[in-house]
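**Student:** Attaching a single structure in structure tokens format; questions to follow.
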Amino acid sequence: MALVVAQEVPTSSSMAVPHGPAGVGEARHRMRDQLRVRGVSETVIDDAVLVLSELLSNAYRHGRPLGRGLVGDGDVRAAWHVDKTGRLTVEVTDGGGPTRPVPATPSVTARGGRGLNIITALADAWGVRDDVHGEVTVWVVVHAGHRHEDFATRVAAPSAAALPELAFADPFDDLD
């Protein structure tokens, strides 16, 4: 006779993450493990983990830790939730900062500034929520259904052949 123990899989999770790069890996692993057990597809998990990484990186670069700690001390809060329709929401809450999160237009050689553009490409929706205590939450909705395109397809520029107004083939037609 075998004993089968049912494991309850949480539909949501929240964790304190150190304010700085040290906790990002642990948060990513915990999210990945919990979403796998929940039956979320690997492509959606990959997107969600990337979104979580970007949000946490932005929180420690641009926000303060929760509470009264100085930059570098304390924690931020990471949370994710899968609702009954399969929509996955990822949130990161920090103690606020001098700026509001907005997508940037970095130069080709810039080392950063692409995080919210990546999030925009991966998300159904995203936004910022402020509370009365000065905490700032950036939330992202990632659809946990089947994705029809991969990330590279969604963010890549169209090919020259797909832009008839460029008429690249015309000058070369006489070469045959």
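Letters for chains follow the order of the structure tokens (A, B, ...), residue numbers begin at 1 for each chain, and ligand numbers begin at 1 in the order shown.
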Show me, as a tab-separated table, the residues of region 45-145 of chain A having an atom within 10 Å of region 30-36 of chain A, each with the closest atom pair and its distance in Å, using only C-alpha atoms.

**Tutor:**
```
residue	atom	partner	partner_atom	distance
A:Ile45	CA	A:Arg32	CA	6.3
A:Asp46	CA	A:Arg32	CA	8.0
A:Ala48	CA	A:Met31	CA	8.3
A:Val49	CA	A:Arg32	CA	6.8
A:Leu52	CA	A:Met31	CA	8.7
A:Ala78	CA	A:Met31	CA	9.6
A:Ala79	CA	A:Met31	CA	8.9
A:Trp80	CA	A:Met31	CA	7.9
A:His81	CA	A:Leu35	CA	9.5
A:Val82	CA	A:Leu35	CA	8.7
A:Leu88	CA	A:Leu35	CA	9.5
A:Val90	CA	A:Met31	CA	9.8
A:Ala144	CA	A:Leu35	CA	9.9
```

**Student:** Could you dump the residues just selected with all heavy atoms as a short mmCIF file (atom, residue, chain, number, x, y, z; two decimals), in the first residue's frame?

**Tutor:**
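Output file out.cif follows:
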```
data_model
loop_
_atom_site.label_atom_id
_atom_site.label_comp_id
_atom_site.auth_asym_id
_atom_site.auth_seq_id
_atom_site.Cartn_x
_atom_site.Cartn_y
_atom_site.Cartn_z
N ILE A 45 6.57 30.81 -17.77
CA ILE A 45 7.47 30.88 -16.61
C ILE A 45 8.72 31.67 -16.98
O ILE A 45 9.17 32.54 -16.22
CB ILE A 45 7.82 29.47 -16.09
CG1 ILE A 45 6.59 28.81 -15.47
CG2 ILE A 45 8.97 29.54 -15.08
CD1 ILE A 45 6.79 27.35 -15.11
N ASP A 46 9.29 31.38 -18.14
CA ASP A 46 10.49 32.12 -18.58
C ASP A 46 10.21 33.61 -18.65
O ASP A 46 11.02 34.43 -18.19
CB ASP A 46 10.97 31.62 -19.94
CG ASP A 46 11.55 30.22 -19.91
OD1 ASP A 46 11.89 29.73 -18.81
OD2 ASP A 46 11.67 29.61 -20.99
N ALA A 48 7.84 35.28 -17.03
CA ALA A 48 7.58 35.78 -15.67
C ALA A 48 8.86 35.95 -14.88
O ALA A 48 9.03 36.94 -14.16
CB ALA A 48 6.63 34.84 -14.95
N VAL A 49 9.78 35.02 -15.01
CA VAL A 49 11.06 35.11 -14.30
C VAL A 49 11.87 36.31 -14.81
O VAL A 49 12.48 37.04 -14.02
CB VAL A 49 11.84 33.78 -14.43
CG1 VAL A 49 13.28 33.92 -13.98
CG2 VAL A 49 11.14 32.69 -13.61
N LEU A 52 10.22 39.40 -13.36
CA LEU A 52 10.59 39.53 -11.95
C LEU A 52 12.00 40.08 -11.80
O LEU A 52 12.25 40.99 -11.00
CB LEU A 52 10.46 38.18 -11.23
CG LEU A 52 10.83 38.18 -9.75
CD1 LEU A 52 9.87 39.06 -8.95
CD2 LEU A 52 10.85 36.76 -9.21
N ALA A 78 8.46 40.92 -3.30
CA ALA A 78 8.10 40.34 -4.60
C ALA A 78 6.89 39.44 -4.38
O ALA A 78 6.81 38.73 -3.38
CB ALA A 78 9.26 39.52 -5.15
N ALA A 79 5.95 39.51 -5.31
CA ALA A 79 4.75 38.68 -5.19
C ALA A 79 4.29 38.27 -6.58
O ALA A 79 4.55 38.97 -7.56
CB ALA A 79 3.64 39.45 -4.47
N TRP A 80 3.62 37.15 -6.67
CA TRP A 80 3.01 36.71 -7.91
C TRP A 80 1.74 35.94 -7.58
O TRP A 80 1.60 35.36 -6.51
CB TRP A 80 3.96 35.87 -8.77
CG TRP A 80 4.64 34.76 -8.06
CD1 TRP A 80 4.23 33.46 -7.94
CD2 TRP A 80 5.88 34.84 -7.35
NE1 TRP A 80 5.13 32.73 -7.21
CE2 TRP A 80 6.16 33.55 -6.84
CE3 TRP A 80 6.79 35.87 -7.09
CZ2 TRP A 80 7.30 33.27 -6.07
CZ3 TRP A 80 7.92 35.59 -6.34
CH2 TRP A 80 8.17 34.29 -5.85
N HIS A 81 0.82 35.98 -8.53
CA HIS A 81 -0.50 35.37 -8.33
C HIS A 81 -1.02 34.86 -9.66
O HIS A 81 -0.95 35.57 -10.66
CB HIS A 81 -1.46 36.42 -7.75
CG HIS A 81 -2.87 35.95 -7.66
ND1 HIS A 81 -3.31 35.10 -6.68
CD2 HIS A 81 -3.95 36.20 -8.45
CE1 HIS A 81 -4.60 34.86 -6.86
NE2 HIS A 81 -5.00 35.50 -7.93
N VAL A 82 -1.54 33.65 -9.66
CA VAL A 82 -2.21 33.09 -10.83
C VAL A 82 -3.70 33.04 -10.51
O VAL A 82 -4.10 32.40 -9.54
CB VAL A 82 -1.69 31.68 -11.18
CG1 VAL A 82 -2.44 31.12 -12.39
CG2 VAL A 82 -0.20 31.68 -11.41
N LEU A 88 -1.34 35.55 -14.91
CA LEU A 88 -0.28 35.63 -13.92
C LEU A 88 0.08 37.09 -13.70
O LEU A 88 0.39 37.81 -14.65
CB LEU A 88 0.94 34.86 -14.43
CG LEU A 88 2.24 34.99 -13.65
CD1 LEU A 88 2.10 34.45 -12.24
CD2 LEU A 88 3.35 34.25 -14.39
N VAL A 90 2.65 39.62 -11.62
CA VAL A 90 3.90 39.72 -10.90
C VAL A 90 4.00 41.13 -10.36
O VAL A 90 3.74 42.09 -11.09
CB VAL A 90 5.11 39.43 -11.82
CG1 VAL A 90 6.42 39.53 -11.07
CG2 VAL A 90 4.96 38.08 -12.51
N ALA A 144 -1.00 33.54 -18.71
CA ALA A 144 -0.44 32.21 -18.47
C ALA A 144 -0.99 31.16 -19.42
O ALA A 144 -0.94 29.98 -19.13
CB ALA A 144 -0.70 31.78 -17.02
#
```

**Student:** Show me, as a PDB file with C-alpha atoms, in the first residue's frame, the residues that have an atom within 9 Å of Thr99 (chain A) when counting only C-alpha atoms, minus same-chain residues fewer than 2 positions from it.

**Tutor:**
```
ATOM      1  CA  HIS A  62      15.811  53.353  -8.399  1.00  0.00           C
ATOM      2  CA  GLY A  63      13.823  52.698  -5.208  1.00  0.00           C
ATOM      3  CA  GLY A  96       9.582  54.611  -3.420  1.00  0.00           C
ATOM      4  CA  GLY A  97      12.200  56.738  -5.067  1.00  0.00           C
ATOM      5  CA  PRO A 101       8.908  54.058 -13.618  1.00  0.00           C
ATOM      6  CA  VAL A 102       8.616  54.956 -17.319  1.00  0.00           C
TER       7      VAL A 102
END
```

**Student:** Between CA of Gly39 (chain A) and CA of Glu91 (chain A), what is the spacing in Å?

**Tutor:** 20.0 Å

**Student:** Would you please work out which residue, of A:His19, A:His133, A:Arg64, A:Arg28, is nearest to Pro98 (chain A) when using only C-alpha atoms?

**Tutor:**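 Ranking A:His19, A:His133, A:Arg64, A:Arg28 by distance to Pro98 (chain A), first place goes to A:Arg64.
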
**Student:** Can you pull out the residues contacting region 119-126 of chain A? Cut-off 6 Å, using only C-alpha atoms, and skip same-chain residues under 3 positions away; I want them as a short mmCIF file (atom, residue, chain, number, x, y, z; two decimals) with all heavy atoms, in the first residue's frame.

**Tutor:**
```cif
data_model
loop_
_atom_site.label_atom_id
_atom_site.label_comp_id
_atom_site.auth_asym_id
_atom_site.auth_seq_id
_atom_site.Cartn_x
_atom_site.Cartn_y
_atom_site.Cartn_z
N VAL A 51 10.57 39.03 -16.14
CA VAL A 51 9.85 40.21 -15.63
C VAL A 51 10.23 40.45 -14.17
O VAL A 51 10.54 41.57 -13.77
CB VAL A 51 8.33 40.03 -15.79
CG1 VAL A 51 7.55 41.02 -14.93
CG2 VAL A 51 7.93 40.16 -17.25
N LEU A 116 11.94 48.26 -18.78
CA LEU A 116 10.50 48.43 -18.95
C LEU A 116 10.07 48.19 -20.39
O LEU A 116 8.92 47.79 -20.63
CB LEU A 116 10.05 49.81 -18.47
CG LEU A 116 10.10 49.99 -16.94
CD1 LEU A 116 9.72 51.41 -16.56
CD2 LEU A 116 9.21 48.98 -16.24
N TRP A 139 3.38 46.48 -11.11
CA TRP A 139 2.70 45.22 -11.38
C TRP A 139 2.72 44.93 -12.89
O TRP A 139 2.69 45.85 -13.70
CB TRP A 139 1.27 45.22 -10.85
CG TRP A 139 0.44 46.34 -11.38
CD1 TRP A 139 0.25 47.57 -10.82
CD2 TRP A 139 -0.31 46.35 -12.62
NE1 TRP A 139 -0.56 48.34 -11.61
CE2 TRP A 139 -0.92 47.63 -12.72
CE3 TRP A 139 -0.51 45.42 -13.63
CZ2 TRP A 139 -1.73 47.98 -13.80
CZ3 TRP A 139 -1.31 45.78 -14.70
CH2 TRP A 139 -1.91 47.04 -14.78
N VAL A 140 2.76 43.66 -13.20
CA VAL A 140 2.80 43.21 -14.59
C VAL A 140 1.87 42.01 -14.73
O VAL A 140 1.94 41.08 -13.92
CB VAL A 140 4.23 42.81 -15.01
CG1 VAL A 140 4.25 42.30 -16.44
CG2 VAL A 140 5.20 43.96 -14.81
N VAL A 141 1.01 42.02 -15.74
CA VAL A 141 0.14 40.89 -16.02
C VAL A 141 0.72 40.13 -17.21
O VAL A 141 0.89 40.69 -18.29
CB VAL A 141 -1.31 41.34 -16.34
CG1 VAL A 141 -2.16 40.14 -16.74
CG2 VAL A 141 -1.90 42.07 -15.16
N VAL A 142 1.03 38.87 -16.96
CA VAL A 142 1.54 37.98 -18.01
C VAL A 142 0.48 36.91 -18.20
O VAL A 142 0.10 36.24 -17.24
CB VAL A 142 2.87 37.31 -17.59
CG1 VAL A 142 3.39 36.39 -18.68
CG2 VAL A 142 3.91 38.37 -17.24
#
```

**Student:** Using only C-alpha atoms, determine which residues lie at most 8 Å from Val24 (chain A), disregarding the query and same-chain residues fewer than 6 positions distant; provide the list as a PDB file with N, CA, C and O atoms, in the first residue's frame.

**Tutor:**
```
ATOM      1  N   VAL A  17      12.683  40.259  -0.382  1.00  0.00           N
ATOM      2  CA  VAL A  17      13.904  40.098  -1.161  1.00  0.00           C
ATOM      3  C   VAL A  17      14.871  41.194  -0.722  1.00  0.00           C
ATOM      4  O   VAL A  17      14.479  42.360  -0.665  1.00  0.00           O
ATOM      5  N   SER A  53      12.933  39.564 -12.586  1.00  0.00           N
ATOM      6  CA  SER A  53      14.326  40.043 -12.531  1.00  0.00           C
ATOM      7  C   SER A  53      14.414  41.525 -12.859  1.00  0.00           C
ATOM      8  O   SER A  53      15.114  42.283 -12.179  1.00  0.00           O
ATOM      9  N   LEU A  56      12.842  43.618  -9.968  1.00  0.00           N
ATOM     10  CA  LEU A  56      13.713  43.663  -8.792  1.00  0.00           C
ATOM     11  C   LEU A  56      14.945  44.523  -9.050  1.00  0.00           C
ATOM     12  O   LEU A  56      15.359  45.302  -8.184  1.00  0.00           O
ATOM     13  N   SER A  57      15.514  44.410 -10.241  1.00  0.00           N
ATOM     14  CA  SER A  57      16.672  45.236 -10.582  1.00  0.00           C
ATOM     15  C   SER A  57      16.310  46.717 -10.557  1.00  0.00           C
ATOM     16  O   SER A  57      17.065  47.535 -10.012  1.00  0.00           O
TER      17      SER A  57
END
```

**Student:** In region 31-89 of chain A, what's strand (DSSP E) per DSSP? Answer as a VMD selection string?

**Tutor:** chain A and resid 75 to 82 87 to 89

**Student:** I need the helix (DSSP H, G or I) residues of region 12-141 of chain A per DSSP on the backbone, written as a PyMOL selection string.

**Tutor:** chain A and resi 21-38+42-62+115-122

**Student:** Rounded to one decimal, what separation in Å do you get between CA of Thr89 (chain A) and CA of Leu50 (chain A)?

**Tutor:**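 These two atoms are separated by 13.0 Å.
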
**Student:** Would you mind reading off the distance between CA of Pro18 (chain A) and CA of Glu135 (chain A), one decimal, in Å?

**Tutor:** 15.7 Å

**Student:** Nearest to Ser13 (chain A): which of A:Leu66, A:Val138, A:Ala59, A:Val92 is it, counting only C-alpha atoms?

**Tutor:**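 Nearest to Ser13 (chain A): A:Val92.
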